[in-house]
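Text of the file my_file28.cif, holding mmCIF, C-alpha atoms and all ligand atoms:
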```cif
data_my_file
loop_
_atom_site.group_PDB
_atom_site.id
_atom_site.type_symbol
_atom_site.label_atom_id
_atom_site.label_comp_id
_atom_site.auth_asym_id
_atom_site.auth_seq_id
_atom_site.Cartn_x
_atom_site.Cartn_y
_atom_site.Cartn_z
ATOM 1 C CA MET A 950 -3.038 28.898 2.741
ATOM 2 C CA GLU A 951 -3.138 31.226 -0.259
ATOM 3 C CA PHE A 952 -4.590 33.940 1.962
ATOM 4 C CA ASN A 953 -1.214 34.344 3.707
ATOM 5 C CA LEU A 954 0.954 33.546 0.721
ATOM 6 C CA SER A 955 3.997 35.780 0.534
ATOM 7 C CA PRO A 956 5.272 36.627 -2.976
ATOM 8 C CA GLU A 957 8.692 35.383 -1.818
ATOM 9 C CA SER A 958 7.334 31.958 -0.856
ATOM 10 C CA PRO A 959 9.362 29.508 -2.964
ATOM 11 C CA ILE A 960 8.522 26.490 -5.031
ATOM 12 C CA LEU A 961 10.536 23.645 -3.504
ATOM 13 C CA LEU A 962 11.932 21.179 -6.043
ATOM 14 C CA PHE A 963 13.167 17.980 -4.460
ATOM 15 C CA ASP A 964 15.335 15.187 -5.869
ATOM 16 C CA SER A 965 17.954 12.762 -4.632
ATOM 17 C CA GLY A 966 20.545 14.590 -6.721
ATOM 18 C CA VAL A 967 20.731 16.870 -9.757
ATOM 19 C CA GLY A 968 17.908 15.160 -11.674
ATOM 20 C CA GLY A 969 15.349 17.780 -10.699
ATOM 21 C CA LEU A 970 17.291 20.313 -12.761
ATOM 22 C CA SER A 971 15.680 18.802 -15.849
ATOM 23 C CA VAL A 972 12.348 19.865 -14.326
ATOM 24 C CA LEU A 973 13.703 23.262 -13.234
ATOM 25 C CA GLY A 974 14.805 23.943 -16.820
ATOM 26 C CA GLU A 975 11.197 23.605 -17.993
ATOM 27 C CA LEU A 976 9.828 25.461 -14.972
ATOM 28 C CA ARG A 977 12.001 28.507 -15.730
ATOM 29 C CA LYS A 978 10.417 28.677 -19.195
ATOM 30 C CA VAL A 979 6.857 28.906 -17.863
ATOM 31 C CA LEU A 980 7.448 30.670 -14.526
ATOM 32 C CA PRO A 981 10.688 32.659 -14.832
ATOM 33 C CA GLN A 982 9.658 34.923 -11.959
ATOM 34 C CA ALA A 983 9.048 32.113 -9.439
ATOM 35 C CA PRO A 984 11.427 31.871 -6.465
ATOM 36 C CA VAL A 985 12.836 28.360 -6.203
ATOM 37 C CA ILE A 986 14.615 26.291 -3.592
ATOM 38 C CA TYR A 987 16.262 23.249 -5.099
ATOM 39 C CA ALA A 988 16.689 20.475 -2.525
ATOM 40 C CA SER A 989 19.116 17.676 -3.260
ATOM 41 C CA ASP A 990 19.298 14.661 -0.952
ATOM 42 C CA GLN A 991 22.937 13.996 -1.782
ATOM 43 C CA ALA A 992 23.359 12.076 1.482
ATOM 44 C CA GLY A 993 20.660 9.652 0.309
ATOM 45 C CA LEU A 994 21.698 9.391 -3.350
ATOM 46 C CA PRO A 995 21.038 7.056 -5.112
ATOM 47 C CA TYR A 996 17.425 6.250 -4.304
ATOM 48 C CA GLY A 997 17.133 3.679 -7.067
ATOM 49 C CA THR A 998 18.946 0.952 -5.160
ATOM 50 C CA LYS A 999 17.083 1.509 -1.864
ATOM 51 C CA THR A 1000 14.007 -0.299 -0.592
ATOM 52 C CA GLU A 1001 10.515 1.157 -0.766
ATOM 53 C CA ALA A 1002 10.464 1.561 3.032
ATOM 54 C CA GLN A 1003 13.780 3.424 3.063
ATOM 55 C CA ILE A 1004 12.701 5.800 0.298
ATOM 56 C CA ALA A 1005 9.252 6.484 1.754
ATOM 57 C CA ALA A 1006 10.629 7.235 5.224
ATOM 58 C CA ARG A 1007 13.428 9.417 3.934
ATOM 59 C CA VAL A 1008 11.378 11.442 1.479
ATOM 60 C CA SER A 1009 8.430 12.106 3.778
ATOM 61 C CA GLY A 1010 10.710 12.955 6.714
ATOM 62 C CA LEU A 1011 12.863 15.360 4.706
ATOM 63 C CA LEU A 1012 9.949 17.044 2.963
ATOM 64 C CA GLY A 1013 8.184 17.546 6.283
ATOM 65 C CA ARG A 1014 11.238 19.260 7.789
ATOM 66 C CA MET A 1015 11.966 21.269 4.639
ATOM 67 C CA SER A 1016 8.384 22.495 4.422
ATOM 68 C CA GLU A 1017 8.526 23.713 8.002
ATOM 69 C CA ARG A 1018 11.787 25.522 7.446
ATOM 70 C CA TYR A 1019 11.195 27.099 4.026
ATOM 71 C CA ARG A 1020 7.383 27.440 3.944
ATOM 72 C CA PRO A 1021 7.092 26.648 0.216
ATOM 73 C CA ARG A 1022 3.892 27.462 -1.665
ATOM 74 C CA LEU A 1023 4.229 24.146 -3.515
ATOM 75 C CA VAL A 1024 6.502 21.119 -3.378
ATOM 76 C CA CYS A 1025 7.509 19.255 -6.514
ATOM 77 C CA ILE A 1026 8.988 15.802 -6.035
ATOM 78 C CA ALA A 1027 11.182 16.038 -9.119
ATOM 79 C CA CYS A 1028 12.162 12.385 -8.907
ATOM 80 C CA ASN A 1029 10.355 9.415 -10.407
ATOM 81 C CA THR A 1030 11.645 6.982 -7.817
ATOM 82 C CA ALA A 1031 10.452 9.045 -4.873
ATOM 83 C CA SER A 1032 7.157 9.934 -6.555
ATOM 84 C CA THR A 1033 6.139 6.441 -7.616
ATOM 85 C CA ILE A 1034 6.800 5.222 -4.057
ATOM 86 C CA ALA A 1035 6.068 8.080 -1.675
ATOM 87 C CA LEU A 1036 3.732 10.546 -3.371
ATOM 88 C CA GLY A 1037 0.584 9.272 -1.644
ATOM 89 C CA MET A 1038 2.230 9.223 1.763
ATOM 90 C CA VAL A 1039 3.690 12.711 1.414
ATOM 91 C CA ARG A 1040 0.333 14.093 0.299
ATOM 92 C CA GLU A 1041 -1.252 12.641 3.390
ATOM 93 C CA VAL A 1042 1.113 14.333 5.793
ATOM 94 C CA LEU A 1043 1.787 17.738 4.198
ATOM 95 C CA GLU A 1044 -0.762 20.475 3.684
ATOM 96 C CA VAL A 1045 1.155 22.190 0.905
ATOM 97 C CA PRO A 1046 0.238 21.191 -2.687
ATOM 98 C CA ILE A 1047 2.513 18.414 -3.964
ATOM 99 C CA VAL A 1048 3.289 17.780 -7.616
ATOM 100 C CA GLY A 1049 4.849 14.423 -8.431
ATOM 101 C CA THR A 1050 6.766 13.072 -11.374
ATOM 102 C CA VAL A 1051 5.323 10.062 -13.120
ATOM 103 C CA PRO A 1052 6.794 8.113 -16.033
ATOM 104 C CA ALA A 1053 5.530 9.626 -19.306
ATOM 105 C CA ILE A 1054 3.983 6.364 -20.546
ATOM 106 C CA LYS A 1055 0.780 8.020 -21.733
ATOM 107 C CA PRO A 1056 2.382 10.429 -24.253
ATOM 108 C CA ALA A 1057 4.874 7.752 -25.313
ATOM 109 C CA ALA A 1058 2.077 5.301 -26.085
ATOM 110 C CA ALA A 1059 0.235 7.968 -28.050
ATOM 111 C CA LEU A 1060 3.340 8.649 -30.116
ATOM 112 C CA SER A 1061 4.654 5.140 -30.764
ATOM 113 C CA LYS A 1062 3.920 3.791 -34.234
ATOM 114 C CA SER A 1063 5.643 0.447 -33.825
ATOM 115 C CA GLY A 1064 3.781 -0.233 -30.578
ATOM 116 C CA VAL A 1065 7.029 -1.133 -28.819
ATOM 117 C CA ILE A 1066 8.034 1.365 -26.128
ATOM 118 C CA GLY A 1067 11.167 1.326 -24.024
ATOM 119 C CA LEU A 1068 11.325 2.635 -20.467
ATOM 120 C CA LEU A 1069 14.539 3.541 -18.654
ATOM 121 C CA GLY A 1070 14.342 4.164 -14.937
ATOM 122 C CA THR A 1071 15.939 3.179 -11.670
ATOM 123 C CA ASP A 1072 15.661 -0.355 -10.261
ATOM 124 C CA ALA A 1073 13.155 0.882 -7.698
ATOM 125 C CA THR A 1074 10.977 2.701 -10.243
ATOM 126 C CA ILE A 1075 10.672 -0.039 -12.819
ATOM 127 C CA ARG A 1076 9.331 -2.550 -10.287
ATOM 128 C CA GLN A 1077 6.532 -0.283 -8.990
ATOM 129 C CA ALA A 1078 2.858 -1.172 -9.272
ATOM 130 C CA TYR A 1079 2.451 2.516 -10.159
ATOM 131 C CA VAL A 1080 4.231 1.756 -13.446
ATOM 132 C CA ASP A 1081 2.170 -1.432 -13.982
ATOM 133 C CA ASN A 1082 -0.969 0.666 -13.592
ATOM 134 C CA LEU A 1083 0.178 3.303 -16.073
ATOM 135 C CA GLU A 1084 1.048 0.532 -18.510
ATOM 136 C CA ARG A 1085 -2.360 -1.092 -18.110
ATOM 137 C CA GLU A 1086 -4.183 2.200 -18.443
ATOM 138 C CA PHE A 1087 -2.290 3.886 -21.261
ATOM 139 C CA ALA A 1088 -0.214 1.276 -23.107
ATOM 140 C CA ASN A 1089 -2.854 -1.375 -23.460
ATOM 141 C CA GLY A 1090 -2.180 -3.374 -26.639
ATOM 142 C CA LYS A 1091 1.405 -2.061 -26.817
ATOM 143 C CA LEU A 1092 4.578 -3.633 -25.536
ATOM 144 C CA LEU A 1093 6.426 -1.809 -22.766
ATOM 145 C CA LEU A 1094 10.002 -2.989 -22.250
ATOM 146 C CA ARG A 1095 11.645 -1.815 -19.020
ATOM 147 C CA HIS A 1096 15.305 -1.553 -18.135
ATOM 148 C CA ALA A 1097 17.004 -0.275 -14.982
ATOM 149 C CA ALA A 1098 19.931 2.016 -15.750
ATOM 150 C CA PRO A 1099 21.478 3.153 -12.442
ATOM 151 C CA GLY A 1100 24.718 3.971 -14.268
ATOM 152 C CA LEU A 1101 22.952 6.871 -15.974
ATOM 153 C CA VAL A 1102 22.224 8.494 -12.601
ATOM 154 C CA GLU A 1103 25.912 8.468 -11.769
ATOM 155 C CA ALA A 1104 26.828 9.660 -15.272
ATOM 156 C CA ALA A 1105 24.452 12.636 -15.027
ATOM 157 C CA GLU A 1106 25.864 13.605 -11.625
ATOM 158 C CA MET A 1107 29.387 13.420 -13.099
ATOM 159 C CA LYS A 1108 28.461 15.390 -16.202
ATOM 160 C CA LEU A 1109 27.047 18.280 -14.177
ATOM 161 C CA ARG A 1110 30.249 18.365 -12.143
ATOM 162 C CA GLY A 1111 32.127 18.885 -15.410
ATOM 163 C CA GLY A 1112 33.141 15.246 -15.814
ATOM 164 C CA VAL A 1113 33.194 13.137 -18.955
ATOM 165 C CA VAL A 1114 30.250 10.837 -19.656
ATOM 166 C CA ASP A 1115 31.283 7.192 -19.899
ATOM 167 C CA GLN A 1116 30.069 6.036 -23.312
ATOM 168 C CA GLY A 1117 29.998 2.453 -22.044
ATOM 169 C CA VAL A 1118 27.223 3.416 -19.630
ATOM 170 C CA ILE A 1119 25.164 4.917 -22.463
ATOM 171 C CA ALA A 1120 25.762 1.855 -24.651
ATOM 172 C CA SER A 1121 24.696 -0.526 -21.909
ATOM 173 C CA ALA A 1122 21.454 1.422 -21.270
ATOM 174 C CA VAL A 1123 20.674 1.234 -25.000
ATOM 175 C CA SER A 1124 21.492 -2.460 -25.316
ATOM 176 C CA GLY A 1125 19.539 -3.249 -22.134
ATOM 177 C CA LEU A 1126 16.411 -2.308 -24.071
ATOM 178 C CA ARG A 1127 17.444 -3.287 -27.579
ATOM 179 C CA GLN A 1128 18.454 -6.806 -26.590
ATOM 180 C CA GLN A 1129 15.081 -7.723 -25.115
ATOM 181 C CA ALA A 1130 12.661 -9.636 -27.336
ATOM 182 C CA GLN A 1131 11.239 -7.159 -29.896
ATOM 183 C CA GLY A 1132 13.631 -4.484 -28.605
ATOM 184 C CA GLU A 1133 14.745 -3.691 -32.149
ATOM 185 C CA ALA A 1134 11.242 -2.336 -32.854
ATOM 186 C CA ILE A 1135 11.390 0.295 -30.088
ATOM 187 C CA ASP A 1136 10.613 3.714 -31.575
ATOM 188 C CA THR A 1137 9.883 5.623 -28.342
ATOM 189 C CA VAL A 1138 11.752 5.594 -25.040
ATOM 190 C CA VAL A 1139 10.382 6.977 -21.782
ATOM 191 C CA LEU A 1140 13.072 8.617 -19.664
ATOM 192 C CA ALA A 1141 11.496 7.660 -16.338
ATOM 193 C CA CYS A 1142 14.140 9.224 -14.128
ATOM 194 C CA THR A 1143 14.686 12.960 -13.939
ATOM 195 C CA HIS A 1144 18.445 12.510 -14.231
ATOM 196 C CA PHE A 1145 18.181 11.028 -17.715
ATOM 197 C CA PRO A 1146 17.097 14.107 -19.735
ATOM 198 C CA LEU A 1147 20.384 15.654 -18.555
ATOM 199 C CA LEU A 1148 21.990 13.035 -20.852
ATOM 200 C CA ARG A 1149 19.589 13.606 -23.741
ATOM 201 C CA ASP A 1150 22.274 14.290 -26.362
ATOM 202 C CA GLU A 1151 24.231 11.181 -25.385
ATOM 203 C CA LEU A 1152 21.122 8.982 -25.311
ATOM 204 C CA GLU A 1153 19.856 10.373 -28.613
ATOM 205 C CA ALA A 1154 23.174 9.487 -30.206
ATOM 206 C CA GLY A 1155 23.016 6.020 -28.635
ATOM 207 C CA PHE A 1156 19.477 5.157 -29.751
ATOM 208 C CA GLY A 1157 19.678 6.785 -33.166
ATOM 209 C CA SER A 1158 17.472 9.329 -34.838
ATOM 210 C CA ASP A 1159 14.455 7.079 -35.377
ATOM 211 C CA VAL A 1160 13.841 6.783 -31.634
ATOM 212 C CA THR A 1161 11.992 9.570 -29.791
ATOM 213 C CA LEU A 1162 12.912 10.184 -26.163
ATOM 214 C CA ILE A 1163 10.068 11.357 -23.935
ATOM 215 C CA ASP A 1164 10.174 12.745 -20.425
ATOM 216 C CA GLY A 1165 7.648 14.393 -18.159
ATOM 217 C CA ALA A 1166 9.443 17.655 -17.334
ATOM 218 C CA GLU A 1167 7.371 19.960 -19.509
ATOM 219 C CA GLY A 1168 4.104 18.489 -18.261
ATOM 220 C CA ILE A 1169 5.226 18.892 -14.652
ATOM 221 C CA ALA A 1170 6.199 22.516 -15.230
ATOM 222 C CA ASN A 1171 2.803 23.217 -16.779
ATOM 223 C CA ARG A 1172 1.068 21.536 -13.857
ATOM 224 C CA ILE A 1173 2.976 23.757 -11.411
ATOM 225 C CA ALA A 1174 2.033 26.823 -13.452
ATOM 226 C CA ASP A 1175 -1.638 25.793 -13.375
ATOM 227 C CA LEU A 1176 -1.629 25.207 -9.630
ATOM 228 C CA THR A 1177 0.006 28.562 -8.916
ATOM 229 C CA ALA A 1178 -1.990 30.558 -11.486
ATOM 230 C CA GLY A 1179 -2.954 33.976 -10.139
ATOM 231 C CA GLN A 1180 -0.348 33.915 -7.350
ATOM 232 C CA GLU A 1181 2.155 36.724 -6.934
ATOM 233 C CA PHE A 1182 5.852 35.936 -7.272
ATOM 234 C CA SER A 1183 8.885 37.943 -6.247
ATOM 235 C CA ARG A 1184 12.496 36.769 -6.598
ATOM 236 C CA SER A 1185 13.933 39.309 -4.183
ATOM 237 C CA VAL A 1186 16.507 36.946 -2.661
ATOM 238 C CA PRO A 1187 18.781 34.712 -4.765
ATOM 239 C CA ASP A 1188 17.414 31.244 -5.419
ATOM 240 C CA MET A 1189 19.171 28.604 -3.375
ATOM 241 C CA ALA A 1190 20.146 24.950 -3.681
ATOM 242 C CA ILE A 1191 20.400 22.946 -0.470
ATOM 243 C CA THR A 1192 22.036 19.602 0.133
ATOM 244 C CA THR A 1193 21.747 16.974 2.845
ATOM 245 C CA GLY A 1194 25.359 16.044 2.104
ATOM 246 C CA ALA A 1195 28.664 17.854 2.539
ATOM 247 C CA LEU A 1196 28.710 21.432 1.288
ATOM 248 C CA ALA A 1197 32.294 21.110 0.023
ATOM 249 C CA GLU A 1198 31.196 18.284 -2.241
ATOM 250 C CA PHE A 1199 28.124 20.257 -3.385
ATOM 251 C CA GLU A 1200 30.425 23.095 -4.489
ATOM 252 C CA GLY A 1201 31.371 20.953 -7.475
ATOM 253 C CA LEU A 1202 27.883 21.650 -8.822
ATOM 254 C CA ARG A 1203 28.054 25.436 -8.454
ATOM 255 C CA ALA A 1204 28.545 26.105 -12.172
ATOM 256 C CA ALA A 1205 25.692 23.745 -13.110
ATOM 257 C CA PHE A 1206 23.285 25.388 -10.659
ATOM 258 C CA SER A 1207 24.311 28.797 -11.877
ATOM 259 C CA GLN A 1208 23.197 27.847 -15.391
ATOM 260 C CA TYR A 1209 19.730 27.288 -13.937
ATOM 261 C CA GLY A 1210 19.698 30.656 -12.142
ATOM 262 C CA ILE A 1211 20.714 29.337 -8.720
ATOM 263 C CA ASP A 1212 23.713 31.084 -7.177
ATOM 264 C CA ALA A 1213 23.461 30.283 -3.461
ATOM 265 C CA LEU A 1214 24.359 26.876 -2.037
ATOM 266 C CA ASP A 1215 23.658 25.768 1.521
ATOM 267 C CA ARG A 1216 23.509 22.695 3.713
ATOM 268 C CA PHE A 1217 20.154 21.502 4.984
HETATM 269 N N1 LIG A 1301 16.271 11.321 -10.117
HETATM 270 C C1 LIG A 1301 15.721 10.114 -9.564
HETATM 271 C C2 LIG A 1301 14.512 9.644 -10.384
HETATM 272 O O1 LIG A 1301 13.898 10.425 -11.074
HETATM 273 C C3 LIG A 1301 16.597 8.917 -9.343
HETATM 274 C C4 LIG A 1301 17.995 8.950 -8.997
HETATM 275 C C5 LIG A 1301 18.374 8.011 -7.871
HETATM 276 O O2 LIG A 1301 18.532 6.783 -8.062
HETATM 277 O O3 LIG A 1301 18.515 8.552 -6.786
HETATM 278 O O4 LIG A 1301 14.147 8.506 -10.329
#
```

Kindly transcribe the structure held in the file into structure tokens.
Amino acid sequence: MEFNLSPESPILLFDSGVGGLSVLGELRKVLPQAPVIYASDQAGLPYGTKTEAQIAARVSGLLGRMSERYRPRLVCIACNTASTIALGMVREVLEVPIVGTVPAIKPAAALSKSGVIGLLGTDATIRQAYVDNLEREFANGKLLLRHAAPGLVEAAEMKLRGGVVDQGVIASAVSGLRQQAQGEAIDTVVLACTHFPLLRDELEAGFGSDVTLIDGAEGIANRIADLTAGQEFSRSVPDMAITTGALAEFEGLRAAFSQYGIDALDRF
């Protein structure tokens, strides 16, 4: 594949909504010259309340069609829900390298002093065996408390459209962890949904300064940089964001995309 790689070939970042922008922010720091297509499955948002079968079918179908159309050099599933469910399946059907997003349990466990770690994700993510396995492998001897916070997905989407973040949603995400047995001892929280780092300031205020919030965005960006090391990049056409939903509705995100260096919006 690399033999025919054009310098314009993009990195495709895929998420149900705007969550992947938290990954794009880190990617711009390590690969500012890389052309990017940001794909948002707004017609399928939210993933967190869907079944495993729905998510797997949707994500592999869309990524197959997007890869044919845009010929990316690499696909990043910038969504924990989609990755923990469909990463294996997508890797089986696509030839392009795929980078997934997995909950940052390993670094959180290494950092936690109290041994009590919180994890915020979607309903679908927190019930995955993928998360059980990470817990068993990296948080052995620690306590991992999980809480589903679908309201944060909606709040992040609103915030990037210029809306006001509902403080009640932040408070209920915090209390969903704090009110579990031993929840008061949480000193590290894994943001296991790419939407949540977009609410970092609000969540930091909610948890207080003695809690560290960890997400995987920087690690994912570094992984993409490693996998594309030595490749030529040229951003000769403007980076684009595409949506599976209505373009008129996507326009509400124009200013947010522009802050991440994306000035063209289109419908997939
Ligand atoms: N951004 C997605 C994630 O990382 C989830 C949002 C959704 O529920 O669609 O899990």

Compile the contact shell of A:Gly1168 as number ranges by chain: residues with an atom at most 10 Å away, counting only C-alpha atoms, same-chain residues fewer than 3 positions apart removed.
A: 972, 975-976, 1050-1051, 1053, 1164-1165, 1171-1174

Residues of chain A at most 6 Å from ligand LIG 1301 (chain A): nearest atom pair and distance in Å, all atoms listed in the file, as CSV:
```
residue,atom,partner,partner_atom,distance
A:Asp964,CA,A:LIG1301,N1,5.8
A:Ser965,CA,A:LIG1301,O3,4.8
A:Gly968,CA,A:LIG1301,N1,4.5
A:Leu994,CA,A:LIG1301,O3,4.8
A:Pro995,CA,A:LIG1301,O3,3.4
A:Tyr996,CA,A:LIG1301,O3,3.6
A:Gly997,CA,A:LIG1301,O2,3.5
A:Cys1028,CA,A:LIG1301,O1,3.4
A:Asn1029,CA,A:LIG1301,O1,3.7
A:Thr1030,CA,A:LIG1301,O4,3.9
A:Thr1071,CA,A:LIG1301,O2,5.7
A:Val1102,CA,A:LIG1301,C4,5.6
A:Cys1142,CA,A:LIG1301,O1,3.3
A:Thr1143,CA,A:LIG1301,O1,3.9
A:His1144,CA,A:LIG1301,N1,4.8
```

How big is the axis-aligned box around the listed atoms of stretch 1052-1061 of chain A once 5 Å is added on each side, and where is its centre? Give both in Å to one decimal, as JSON.
```
{"center_x": 3.5, "center_y": 7.8, "center_z": -23.4, "size_x": 16.6, "size_y": 15.3, "size_z": 24.7}
```

Starting from the shown file, work through the PyMOL selection byres (((chain A and resi 1087) around 9) and not hetatm) and note down what comes out as a PyMOL selection string.
chain A and resi 1054-1056+1058-1059+1082-1086+1088-1089+1091

I'd like to see the residues matched by the PyMOL selection byres (((chain A and resi 1099) around 12) and not hetatm) on this file, and ideally I'd get them as an MDAnalysis selection string.
chainID A and resid 994:999 1030 1069:1075 1096:1098 1100:1106 1118:1119 1121:1122 1125 1141:1142 1144:1145

d(atom CA of A:Gln1180, atom CA of A:Thr1192) in Å
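Taking atom CA of A:Gln1180 and atom CA of A:Thr1192, their separation equals 27.6 Å.
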
The PyMOL selection byres (((chain A and resi 1035-1039) around 12) and not hetatm) applied to the shown file, residues as a ChimeraX atom specification:
/A:996,1000-1014,1016,1024-1034,1040-1051,1073-1074,1077,1079

Could the residues of stretch 1091-1123 of chain A that have an atom at most 9 Å from stretch 1193-1213 of chain A be listed as a tab-separated table, each with its closest atom pair and the distance in Å to one decimal, counting only C-alpha atoms and ordered by chain and ascending residue number?
```
residue	atom	partner	partner_atom	distance
A:Glu1106	CA	A:Leu1202	CA	8.8
A:Leu1109	CA	A:Ala1205	CA	5.7
A:Arg1110	CA	A:Leu1202	CA	5.2
A:Gly1111	CA	A:Gly1201	CA	8.2
```

Please report the interatomic distance between atom CA of A:Leu1148 and atom CA of A:Val1123 in Å with one decimal.
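Computed distance, atom CA of A:Leu1148 to atom CA of A:Val1123, equals 12.6 Å.
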
Expected file content for stretch 1093-1116 of chain A, N, CA and C atoms, as a PDB file, in the first residue's frame:
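So decode_39.pdb came out as:
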```pdb
ATOM      1  N   LEU A1093     -11.849  -0.548  40.269  1.00  0.00           N
ATOM      2  CA  LEU A1093     -12.287   0.270  39.142  1.00  0.00           C
ATOM      3  C   LEU A1093     -13.795   0.450  39.228  1.00  0.00           C
ATOM      4  N   LEU A1094     -14.224   1.675  39.434  1.00  0.00           N
ATOM      5  CA  LEU A1094     -15.664   1.971  39.524  1.00  0.00           C
ATOM      6  C   LEU A1094     -16.110   2.586  38.206  1.00  0.00           C
ATOM      7  N   ARG A1095     -17.160   2.004  37.609  1.00  0.00           N
ATOM      8  CA  ARG A1095     -17.604   2.469  36.283  1.00  0.00           C
ATOM      9  C   ARG A1095     -18.945   3.198  36.389  1.00  0.00           C
ATOM     10  N   HIS A1096     -19.100   4.196  35.544  1.00  0.00           N
ATOM     11  CA  HIS A1096     -20.397   4.881  35.492  1.00  0.00           C
ATOM     12  C   HIS A1096     -20.674   5.330  34.059  1.00  0.00           C
ATOM     13  N   ALA A1097     -21.891   5.066  33.594  1.00  0.00           N
ATOM     14  CA  ALA A1097     -22.282   5.508  32.250  1.00  0.00           C
ATOM     15  C   ALA A1097     -22.822   6.929  32.323  1.00  0.00           C
ATOM     16  N   ALA A1098     -22.290   7.794  31.461  1.00  0.00           N
ATOM     17  CA  ALA A1098     -22.683   9.209  31.509  1.00  0.00           C
ATOM     18  C   ALA A1098     -23.086   9.698  30.111  1.00  0.00           C
ATOM     19  N   PRO A1099     -24.202   9.183  29.583  1.00  0.00           N
ATOM     20  CA  PRO A1099     -24.612   9.585  28.227  1.00  0.00           C
ATOM     21  C   PRO A1099     -24.913  11.081  28.116  1.00  0.00           C
ATOM     22  N   GLY A1100     -25.275  11.691  29.250  1.00  0.00           N
ATOM     23  CA  GLY A1100     -25.579  13.128  29.231  1.00  0.00           C
ATOM     24  C   GLY A1100     -24.360  13.956  28.843  1.00  0.00           C
ATOM     25  N   LEU A1101     -23.165  13.428  29.115  1.00  0.00           N
ATOM     26  CA  LEU A1101     -21.956  14.181  28.771  1.00  0.00           C
ATOM     27  C   LEU A1101     -21.731  14.222  27.257  1.00  0.00           C
ATOM     28  N   VAL A1102     -22.195  13.179  26.567  1.00  0.00           N
ATOM     29  CA  VAL A1102     -22.062  13.164  25.097  1.00  0.00           C
ATOM     30  C   VAL A1102     -22.886  14.314  24.519  1.00  0.00           C
ATOM     31  N   GLU A1103     -24.118  14.392  24.985  1.00  0.00           N
ATOM     32  CA  GLU A1103     -25.013  15.458  24.525  1.00  0.00           C
ATOM     33  C   GLU A1103     -24.450  16.838  24.901  1.00  0.00           C
ATOM     34  N   ALA A1104     -23.929  16.937  26.121  1.00  0.00           N
ATOM     35  CA  ALA A1104     -23.400  18.233  26.581  1.00  0.00           C
ATOM     36  C   ALA A1104     -22.214  18.675  25.730  1.00  0.00           C
ATOM     37  N   ALA A1105     -21.349  17.726  25.353  1.00  0.00           N
ATOM     38  CA  ALA A1105     -20.192  18.081  24.521  1.00  0.00           C
ATOM     39  C   ALA A1105     -20.652  18.528  23.131  1.00  0.00           C
ATOM     40  N   GLU A1106     -21.634  17.833  22.584  1.00  0.00           N
ATOM     41  CA  GLU A1106     -22.163  18.227  21.265  1.00  0.00           C
ATOM     42  C   GLU A1106     -22.733  19.649  21.329  1.00  0.00           C
ATOM     43  N   MET A1107     -23.453  19.936  22.407  1.00  0.00           N
ATOM     44  CA  MET A1107     -24.049  21.268  22.610  1.00  0.00           C
ATOM     45  C   MET A1107     -22.965  22.329  22.744  1.00  0.00           C
ATOM     46  N   LYS A1108     -21.971  22.013  23.566  1.00  0.00           N
ATOM     47  CA  LYS A1108     -20.900  22.986  23.838  1.00  0.00           C
ATOM     48  C   LYS A1108     -20.211  23.393  22.540  1.00  0.00           C
ATOM     49  N   LEU A1109     -19.919  22.408  21.682  1.00  0.00           N
ATOM     50  CA  LEU A1109     -19.212  22.741  20.442  1.00  0.00           C
ATOM     51  C   LEU A1109     -20.087  23.462  19.424  1.00  0.00           C
ATOM     52  N   ARG A1110     -21.402  23.444  19.676  1.00  0.00           N
ATOM     53  CA  ARG A1110     -22.304  24.248  18.842  1.00  0.00           C
ATOM     54  C   ARG A1110     -22.525  25.627  19.476  1.00  0.00           C
ATOM     55  N   GLY A1111     -21.748  25.936  20.505  1.00  0.00           N
ATOM     56  CA  GLY A1111     -21.843  27.244  21.141  1.00  0.00           C
ATOM     57  C   GLY A1111     -22.847  27.302  22.275  1.00  0.00           C
ATOM     58  N   GLY A1112     -23.403  26.142  22.644  1.00  0.00           N
ATOM     59  CA  GLY A1112     -24.405  26.113  23.708  1.00  0.00           C
ATOM     60  C   GLY A1112     -23.787  26.118  25.107  1.00  0.00           C
ATOM     61  N   VAL A1113     -24.658  26.233  26.093  1.00  0.00           N
ATOM     62  CA  VAL A1113     -24.209  26.278  27.483  1.00  0.00           C
ATOM     63  C   VAL A1113     -24.238  24.860  28.053  1.00  0.00           C
ATOM     64  N   VAL A1114     -23.197  24.510  28.802  1.00  0.00           N
ATOM     65  CA  VAL A1114     -23.139  23.168  29.390  1.00  0.00           C
ATOM     66  C   VAL A1114     -24.011  23.130  30.650  1.00  0.00           C
ATOM     67  N   ASP A1115     -24.894  22.157  30.692  1.00  0.00           N
ATOM     68  CA  ASP A1115     -25.790  21.981  31.833  1.00  0.00           C
ATOM     69  C   ASP A1115     -24.979  21.449  33.028  1.00  0.00           C
ATOM     70  N   GLN A1116     -24.876  22.274  34.058  1.00  0.00           N
ATOM     71  CA  GLN A1116     -24.057  21.878  35.216  1.00  0.00           C
ATOM     72  C   GLN A1116     -24.640  20.667  35.933  1.00  0.00           C
TER      73      GLN A1116
END
```
